[in-house]
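Student: The following block contains the structure, expressed as structure tokens.
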Amino acid sequence: MEDKIEKHTIAVLVDNEPGVLARVIGLFSGRGYNIESLTVAEVNNADHLSRITLVTSGTRMVVEQIKAQLDRLVPVHKVHDLTDEGPSVERELALVKVAGTGDRRIEALRLADIFKAKVVDATLTSFVFELTGTTAEVDDFVGLMAQLGLVEASRTGVVAMSKGAAGF
């Protein structure tokens, strides 16, 4: 059971300064760890703080090493393993371009409606859909669109936070 590979969503509060993201990525690449998803944005302009949300996989021991090493980086203020710390909300945004006419076009619109995707651009031969959901929901939508004329997809990566009143 110790060697079981687990996926973890980790939120990191850091100083918003040049080179911080490179140091975080360097920690991963230098040790052979993989980042499956990565999002970064400033969350506190007054204090110049950014939030990095990343998804990584590894054994329990590897994930604990990752968290400990992240916590030791100088510009890091807090590290939270949202997977371990209780219920959390995770979402991903995707833009999905689909080309097609006739029945394929109608089916793409029908599926978009089921997934609550919005049409943000349309021509006579294509659509760009905007979809927000879990990674699995986005994967499912992109997979279905692949059968109907998927041209390309662009995804933000996971953003996440813990449920409840407590903050970062």
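Labels used: A, B, ... for chains in the order of the structure tokens, numbers from 1 for residues in each chain, and numbers from 1 for ligands as shown.
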Env of stretch 17-19 of chain A: 12 Å cut, atoms = only C-alpha atoms, seq-sep filter 6 positions within chain, self excluded. Answer as an NGL selection string.
Tutor: :A and (25-26 or 41-42 or 45 or 47-51 or 73-76)
Student: Take the residues from that selection and write them out as a compact mmCIF listing (two decimals), in the first residue's frame, keeping all heavy atoms.
Tutor:
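This is the output file result22.txt:
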# COMPACT_ATOMS: atom_id res chain seq x y z
N ILE A 25 9.31 25.03 -10.11
CA ILE A 25 9.42 24.06 -11.20
C ILE A 25 10.77 23.35 -11.14
O ILE A 25 10.87 22.14 -11.36
CB ILE A 25 9.22 24.75 -12.56
CG1 ILE A 25 7.76 25.18 -12.70
CG2 ILE A 25 9.61 23.84 -13.72
CD1 ILE A 25 7.47 26.06 -13.88
N GLY A 26 11.82 24.08 -10.79
CA GLY A 26 13.14 23.49 -10.66
C GLY A 26 13.19 22.42 -9.59
O GLY A 26 13.87 21.40 -9.74
N ALA A 41 -1.54 32.62 -10.09
CA ALA A 41 -2.13 33.95 -10.22
C ALA A 41 -1.89 34.73 -8.93
O ALA A 41 -1.83 34.15 -7.85
CB ALA A 41 -3.62 33.87 -10.50
N GLU A 42 -1.77 36.05 -9.09
CA GLU A 42 -1.67 36.90 -7.91
C GLU A 42 -3.02 36.90 -7.19
O GLU A 42 -4.07 37.03 -7.83
CB GLU A 42 -1.29 38.33 -8.30
CG GLU A 42 -1.04 39.22 -7.10
CD GLU A 42 -0.50 40.58 -7.48
OE1 GLU A 42 -1.22 41.30 -8.20
OE2 GLU A 42 0.62 40.90 -7.07
N ASN A 45 -2.82 41.64 -4.05
CA ASN A 45 -2.02 42.68 -4.67
C ASN A 45 -1.27 43.51 -3.63
O ASN A 45 -0.10 43.84 -3.81
CB ASN A 45 -2.91 43.58 -5.53
CG ASN A 45 -2.12 44.45 -6.48
OD1 ASN A 45 -0.94 44.66 -6.29
ND2 ASN A 45 -2.79 44.96 -7.49
N ASP A 47 -0.12 42.71 -0.65
CA ASP A 47 1.01 42.00 -0.04
C ASP A 47 1.89 41.30 -1.08
O ASP A 47 2.83 40.60 -0.71
CB ASP A 47 0.50 40.96 0.97
CG ASP A 47 -0.15 41.61 2.18
OD1 ASP A 47 0.22 42.76 2.50
OD2 ASP A 47 -1.02 40.96 2.79
N HIS A 48 1.55 41.46 -2.36
CA HIS A 48 2.31 40.85 -3.45
C HIS A 48 2.45 39.34 -3.27
O HIS A 48 3.55 38.79 -3.29
CB HIS A 48 3.69 41.50 -3.60
CG HIS A 48 3.60 42.97 -3.80
ND1 HIS A 48 3.13 43.54 -4.95
CD2 HIS A 48 3.90 44.01 -2.97
CE1 HIS A 48 3.14 44.86 -4.84
NE2 HIS A 48 3.61 45.17 -3.64
N LEU A 49 1.29 38.67 -3.09
CA LEU A 49 1.28 37.22 -2.92
C LEU A 49 0.58 36.56 -4.10
O LEU A 49 -0.42 37.07 -4.61
CB LEU A 49 0.55 36.84 -1.63
CG LEU A 49 1.17 37.34 -0.33
CD1 LEU A 49 0.26 37.01 0.86
CD2 LEU A 49 2.56 36.75 -0.13
N SER A 50 1.11 35.43 -4.51
CA SER A 50 0.51 34.63 -5.57
C SER A 50 0.20 33.24 -5.03
O SER A 50 0.84 32.77 -4.08
CB SER A 50 1.46 34.49 -6.77
OG SER A 50 1.55 35.71 -7.46
N ARG A 51 -0.75 32.61 -5.68
CA ARG A 51 -1.14 31.25 -5.32
C ARG A 51 -0.78 30.34 -6.48
O ARG A 51 -1.17 30.59 -7.62
CB ARG A 51 -2.63 31.19 -5.03
CG ARG A 51 -3.13 29.82 -4.63
CD ARG A 51 -4.65 29.85 -4.47
NE ARG A 51 -5.16 28.58 -4.04
CZ ARG A 51 -5.79 28.38 -2.89
NH1 ARG A 51 -5.99 29.39 -2.06
NH2 ARG A 51 -6.24 27.18 -2.59
N LEU A 73 11.38 26.30 0.48
CA LEU A 73 11.77 27.35 -0.47
C LEU A 73 11.54 28.71 0.17
O LEU A 73 10.50 28.94 0.80
CB LEU A 73 10.97 27.24 -1.77
CG LEU A 73 11.31 26.07 -2.67
CD1 LEU A 73 10.38 26.05 -3.88
CD2 LEU A 73 12.76 26.12 -3.14
N VAL A 74 12.46 29.63 0.00
CA VAL A 74 12.43 30.93 0.67
C VAL A 74 11.16 31.74 0.39
O VAL A 74 10.58 32.27 1.32
CB VAL A 74 13.70 31.75 0.34
CG1 VAL A 74 13.59 33.17 0.86
CG2 VAL A 74 14.92 31.06 0.92
N PRO A 75 10.68 31.87 -0.83
CA PRO A 75 9.52 32.73 -1.04
C PRO A 75 8.18 32.07 -0.71
O PRO A 75 7.14 32.67 -0.90
CB PRO A 75 9.60 33.06 -2.52
CG PRO A 75 10.24 31.86 -3.13
CD PRO A 75 11.21 31.36 -2.09
N VAL A 76 8.19 30.83 -0.20
CA VAL A 76 6.96 30.11 0.10
C VAL A 76 6.47 30.47 1.51
O VAL A 76 7.22 30.38 2.48
CB VAL A 76 7.16 28.59 -0.04
CG1 VAL A 76 5.95 27.83 0.48
CG2 VAL A 76 7.43 28.22 -1.49
Student: Stretch 101-151 of chain A: which residues are alpha helix (DSSP H) by DSSP, as JSON, numbers by chain?
Tutor: {"A": [102, 103, 104, 105, 106, 107, 108, 109, 110, 111, 112, 113, 114, 135, 136, 137, 138, 139, 140, 141, 142, 143, 144, 145, 146]}
Student: Could you check how far atom CA of A:Asp103 sits from atom CA of A:Ala117, in Å to one decimal?
Tutor: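 Answer for the atom CA of A:Asp103 to atom CA of A:Ala117 separation: 18.5 Å.
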Student: Pick out the residues sitting within 12 Å of A:Asp140, and hand them over as a VMD selection string; count only C-alpha atoms, and ignore anything fewer than 4 positions along from it in its own chain.
Tutor: chain A and resid 94 111 to 112 114 to 115 131 133 to 136 144 to 147
Student: For the atom pair atom CA of A:Ile10 and atom CA of A:Ala160, what is the interatomic distance in Å to one decimal place?
Tutor: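 Separation of atom CA of A:Ile10 and atom CA of A:Ala160: 8.6 Å.
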Student: Give the answer as one residue: which of A:Leu148, A:Val142, A:Ala153, A:His8 has the shortest atom-to-atom distance to A:Glu107, using only C-alpha atoms?
Tutor: A:Leu148
Student: Calculated over only C-alpha atoms, which of the candidates A:Leu21, A:Val14, A:Ile5, A:Val40 has the smallest distance to A:Arg60?
Tutor: A:Ile5
Student: Tell me, as a ChimeraX atom specification, which residues lie within 12 Å of A:Glu85, counting only C-alpha atoms; anything in the same chain fewer than 3 positions away does not count.
Tutor: /A:8-11,79-82,88-89,161-164,166,168
Student: Please identify the strand (DSSP E or B) residues within stretch 18-49 of chain A (assignment by DSSP from backbone atoms) and present them as a list of chain:residue names.
Tutor: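 Residues meeting the strand (DSSP E or B) criterion: A:Ile35, A:Glu36, A:Ser37, A:Leu38, A:Thr39, A:Val40, A:Ala41, A:Glu42, A:Val43, A:Asn44, A:Leu49.
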Student: Limited to N, CA and C atoms, could you put the picked residues into a file as a PDB file, in the first residue's frame?
Tutor:
ATOM      1  N   ILE A  35       4.721  17.392 -12.836  1.00  0.00           N
ATOM      2  CA  ILE A  35       3.612  18.302 -12.576  1.00  0.00           C
ATOM      3  C   ILE A  35       2.564  18.009 -13.645  1.00  0.00           C
ATOM      4  N   GLU A  36       1.390  17.555 -13.223  1.00  0.00           N
ATOM      5  CA  GLU A  36       0.329  17.228 -14.165  1.00  0.00           C
ATOM      6  C   GLU A  36      -0.503  18.445 -14.541  1.00  0.00           C
ATOM      7  N   SER A  37      -0.599  19.396 -13.620  1.00  0.00           N
ATOM      8  CA  SER A  37      -1.362  20.615 -13.857  1.00  0.00           C
ATOM      9  C   SER A  37      -0.735  21.713 -13.015  1.00  0.00           C
ATOM     10  N   LEU A  38      -0.728  22.939 -13.558  1.00  0.00           N
ATOM     11  CA  LEU A  38      -0.108  24.057 -12.863  1.00  0.00           C
ATOM     12  C   LEU A  38      -0.852  25.336 -13.202  1.00  0.00           C
ATOM     13  N   THR A  39      -1.305  26.052 -12.186  1.00  0.00           N
ATOM     14  CA  THR A  39      -1.896  27.376 -12.390  1.00  0.00           C
ATOM     15  C   THR A  39      -1.272  28.333 -11.375  1.00  0.00           C
ATOM     16  N   VAL A  40      -1.112  29.585 -11.796  1.00  0.00           N
ATOM     17  CA  VAL A  40      -0.505  30.593 -10.935  1.00  0.00           C
ATOM     18  C   VAL A  40      -1.219  31.917 -11.171  1.00  0.00           C
ATOM     19  N   ALA A  41      -1.544  32.617 -10.091  1.00  0.00           N
ATOM     20  CA  ALA A  41      -2.126  33.953 -10.222  1.00  0.00           C
ATOM     21  C   ALA A  41      -1.891  34.728  -8.935  1.00  0.00           C
ATOM     22  N   GLU A  42      -1.773  36.046  -9.091  1.00  0.00           N
ATOM     23  CA  GLU A  42      -1.672  36.902  -7.912  1.00  0.00           C
ATOM     24  C   GLU A  42      -3.020  36.895  -7.194  1.00  0.00           C
ATOM     25  N   VAL A  43      -2.994  36.709  -5.884  1.00  0.00           N
ATOM     26  CA  VAL A  43      -4.232  36.661  -5.107  1.00  0.00           C
ATOM     27  C   VAL A  43      -4.323  37.771  -4.071  1.00  0.00           C
ATOM     28  N   ASN A  44      -3.208  38.470  -3.829  1.00  0.00           N
ATOM     29  CA  ASN A  44      -3.208  39.564  -2.879  1.00  0.00           C
ATOM     30  C   ASN A  44      -2.243  40.629  -3.390  1.00  0.00           C
ATOM     31  N   LEU A  49       1.292  38.671  -3.090  1.00  0.00           N
ATOM     32  CA  LEU A  49       1.276  37.223  -2.918  1.00  0.00           C
ATOM     33  C   LEU A  49       0.582  36.556  -4.100  1.00  0.00           C
TER      34      LEU A  49
END
Student: Nearest to A:Arg155: which of A:Ile106, A:Ala46, A:Val62, A:Val138 is it, counting only C-alpha atoms?
Tutor: A:Val138
Student: Go through A:Leu109, A:Val12, A:Ala99, A:Leu27 and flag the residue nearest A:Phe141, using only C-alpha atoms for the distances.
Tutor: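 That would be A:Leu109, the residue with the smallest distance to A:Phe141.
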Student: What is the atom CA of A:Arg72 to atom CA of A:Arg91 distance in Å?
Tutor: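 So the two atoms, atom CA of A:Arg72 and atom CA of A:Arg91, lie 27.8 Å apart.
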Student: Ranking A:Val55, A:Leu124, A:Val96, A:Leu70 by minimum distance to A:Val159 and counting only C-alpha atoms, which one comes first?
Tutor: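 Closest to A:Val159, using only C-alpha atoms: A:Val55.
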Student: Might you pull out every residue within 9 Å of A:Leu95, with only C-alpha atoms counted and same-chain residues fewer than 5 positions away left off, and present them as a PDB file with N, CA, C and O atoms, in the first residue's frame?
Tutor:
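Below you can see out_20.pdb, which holds the result:
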ATOM      1  N   VAL A 120     -18.745  30.497 -27.249  1.00  0.00           N
ATOM      2  CA  VAL A 120     -18.124  31.823 -27.155  1.00  0.00           C
ATOM      3  C   VAL A 120     -17.675  32.338 -28.517  1.00  0.00           C
ATOM      4  O   VAL A 120     -17.300  33.498 -28.648  1.00  0.00           O
ATOM      5  N   VAL A 128     -16.431  27.520 -30.855  1.00  0.00           N
ATOM      6  CA  VAL A 128     -15.521  27.455 -29.721  1.00  0.00           C
ATOM      7  C   VAL A 128     -16.417  27.432 -28.494  1.00  0.00           C
ATOM      8  O   VAL A 128     -17.242  28.329 -28.289  1.00  0.00           O
ATOM      9  N   PHE A 129     -16.263  26.361 -27.702  1.00  0.00           N
ATOM     10  CA  PHE A 129     -17.031  26.195 -26.475  1.00  0.00           C
ATOM     11  C   PHE A 129     -16.161  26.550 -25.279  1.00  0.00           C
ATOM     12  O   PHE A 129     -14.970  26.277 -25.272  1.00  0.00           O
ATOM     13  N   GLU A 130     -16.791  27.132 -24.273  1.00  0.00           N
ATOM     14  CA  GLU A 130     -16.145  27.376 -22.981  1.00  0.00           C
ATOM     15  C   GLU A 130     -16.800  26.443 -21.976  1.00  0.00           C
ATOM     16  O   GLU A 130     -18.025  26.431 -21.842  1.00  0.00           O
ATOM     17  N   LEU A 131     -15.980  25.665 -21.287  1.00  0.00           N
ATOM     18  CA  LEU A 131     -16.486  24.691 -20.331  1.00  0.00           C
ATOM     19  C   LEU A 131     -15.721  24.809 -19.025  1.00  0.00           C
ATOM     20  O   LEU A 131     -14.488  24.886 -19.022  1.00  0.00           O
ATOM     21  N   GLU A 152      -9.004  21.796 -31.687  1.00  0.00           N
ATOM     22  CA  GLU A 152      -8.015  22.018 -30.635  1.00  0.00           C
ATOM     23  C   GLU A 152      -8.706  22.300 -29.316  1.00  0.00           C
ATOM     24  O   GLU A 152      -9.882  22.664 -29.286  1.00  0.00           O
ATOM     25  N   ALA A 153      -7.957  22.126 -28.245  1.00  0.00           N
ATOM     26  CA  ALA A 153      -8.450  22.438 -26.902  1.00  0.00           C
ATOM     27  C   ALA A 153      -7.344  23.141 -26.130  1.00  0.00           C
ATOM     28  O   ALA A 153      -6.172  22.820 -26.270  1.00  0.00           O
ATOM     29  N   SER A 154      -7.744  24.114 -25.335  1.00  0.00           N
ATOM     30  CA  SER A 154      -6.819  24.821 -24.457  1.00  0.00           C
ATOM     31  C   SER A 154      -7.411  24.761 -23.053  1.00  0.00           C
ATOM     32  O   SER A 154      -8.584  25.084 -22.857  1.00  0.00           O
ATOM     33  N   ARG A 155      -6.594  24.328 -22.081  1.00  0.00           N
ATOM     34  CA  ARG A 155      -7.076  24.131 -20.721  1.00  0.00           C
ATOM     35  C   ARG A 155      -6.246  24.924 -19.733  1.00  0.00           C
ATOM     36  O   ARG A 155      -5.041  25.067 -19.894  1.00  0.00           O
ATOM     37  N   THR A 156      -6.913  25.434 -18.692  1.00  0.00           N
ATOM     38  CA  THR A 156      -6.218  26.251 -17.700  1.00  0.00           C
ATOM     39  C   THR A 156      -5.393  25.431 -16.728  1.00  0.00           C
ATOM     40  O   THR A 156      -4.453  25.935 -16.145  1.00  0.00           O
TER      41      THR A 156
END
Student: Using only C-alpha atoms, which residue out of A:Asn34, A:Ser126, A:Ser57, A:Thr83 lies closest to A:Gly100?
Tutor: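 Ranking A:Asn34, A:Ser126, A:Ser57, A:Thr83 by distance to A:Gly100, first place goes to A:Ser126.
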Student: I'd like the contact shell of A:Lys4 - 12 Å cut-off, only C-alpha atoms, skipping same-chain residues fewer than 2 positions apart - returned as a compact mmCIF listing (two decimals) with all heavy atoms, in the first residue's frame.
Tutor:
# COMPACT_ATOMS: atom_id res chain seq x y z
N MET A 1 0.81 -1.19 0.00
CA MET A 1 0.00 0.00 0.00
C MET A 1 0.86 1.26 0.00
O MET A 1 0.47 2.27 -0.54
CB MET A 1 -0.92 -0.03 1.23
CG MET A 1 -2.14 0.83 1.08
SD MET A 1 -3.16 0.27 -0.28
CE MET A 1 -4.73 0.74 0.28
N GLU A 2 2.05 1.19 0.59
CA GLU A 2 2.96 2.34 0.66
C GLU A 2 3.40 2.80 -0.72
O GLU A 2 3.68 3.96 -0.92
CB GLU A 2 4.19 1.99 1.50
CG GLU A 2 3.91 1.79 2.96
CD GLU A 2 3.93 3.09 3.73
OE1 GLU A 2 4.67 4.00 3.35
OE2 GLU A 2 3.19 3.19 4.72
N GLU A 6 -0.56 8.05 -5.91
CA GLU A 6 -1.72 8.87 -5.63
C GLU A 6 -1.58 10.23 -6.31
O GLU A 6 -0.48 10.76 -6.42
CB GLU A 6 -1.85 9.10 -4.12
CG GLU A 6 -1.97 7.85 -3.28
CD GLU A 6 -1.93 8.15 -1.78
OE1 GLU A 6 -1.47 9.25 -1.40
OE2 GLU A 6 -2.35 7.28 -1.02
N LYS A 7 -2.70 10.79 -6.72
CA LYS A 7 -2.73 12.14 -7.29
C LYS A 7 -3.07 13.11 -6.17
O LYS A 7 -4.00 12.87 -5.40
CB LYS A 7 -3.77 12.21 -8.40
CG LYS A 7 -3.75 13.54 -9.15
CD LYS A 7 -4.76 13.56 -10.27
CE LYS A 7 -4.29 12.66 -11.39
NZ LYS A 7 -5.05 12.85 -12.62
N SER A 57 1.58 13.53 -8.95
CA SER A 57 1.33 12.14 -8.54
C SER A 57 2.59 11.54 -7.98
O SER A 57 3.70 11.87 -8.41
CB SER A 57 0.86 11.30 -9.74
OG SER A 57 -0.41 11.72 -10.17
N GLY A 58 2.41 10.64 -7.03
CA GLY A 58 3.55 9.93 -6.46
C GLY A 58 3.10 9.07 -5.30
O GLY A 58 1.93 9.10 -4.90
N THR A 59 4.03 8.32 -4.77
CA THR A 59 3.74 7.54 -3.57
C THR A 59 3.54 8.51 -2.41
O THR A 59 3.90 9.69 -2.50
CB THR A 59 4.89 6.58 -3.24
OG1 THR A 59 6.06 7.36 -2.95
CG2 THR A 59 5.17 5.61 -4.38
N ARG A 60 3.01 8.04 -1.33
CA ARG A 60 2.80 8.87 -0.15
C ARG A 60 4.12 9.52 0.28
O ARG A 60 4.18 10.70 0.59
CB ARG A 60 2.21 8.01 0.98
CG ARG A 60 2.13 8.67 2.33
CD ARG A 60 1.24 9.86 2.41
NE ARG A 60 -0.11 9.57 2.00
CZ ARG A 60 -1.07 10.49 1.93
NH1 ARG A 60 -0.81 11.74 2.27
NH2 ARG A 60 -2.27 10.20 1.54
N MET A 61 5.21 8.74 0.26
CA MET A 61 6.51 9.26 0.66
C MET A 61 6.98 10.37 -0.28
O MET A 61 7.48 11.40 0.17
CB MET A 61 7.54 8.12 0.68
CG MET A 61 8.88 8.54 1.26
SD MET A 61 10.04 7.19 1.39
CE MET A 61 10.56 7.03 -0.29
N VAL A 62 6.79 10.19 -1.58
CA VAL A 62 7.21 11.20 -2.55
C VAL A 62 6.40 12.48 -2.36
O VAL A 62 6.97 13.59 -2.37
CB VAL A 62 7.07 10.67 -4.00
CG1 VAL A 62 7.17 11.78 -5.02
CG2 VAL A 62 8.14 9.61 -4.27
N VAL A 63 5.09 12.36 -2.18
CA VAL A 63 4.26 13.55 -1.98
C VAL A 63 4.67 14.28 -0.71
O VAL A 63 4.74 15.52 -0.69
CB VAL A 63 2.76 13.17 -1.97
CG1 VAL A 63 1.89 14.35 -1.56
CG2 VAL A 63 2.33 12.65 -3.34
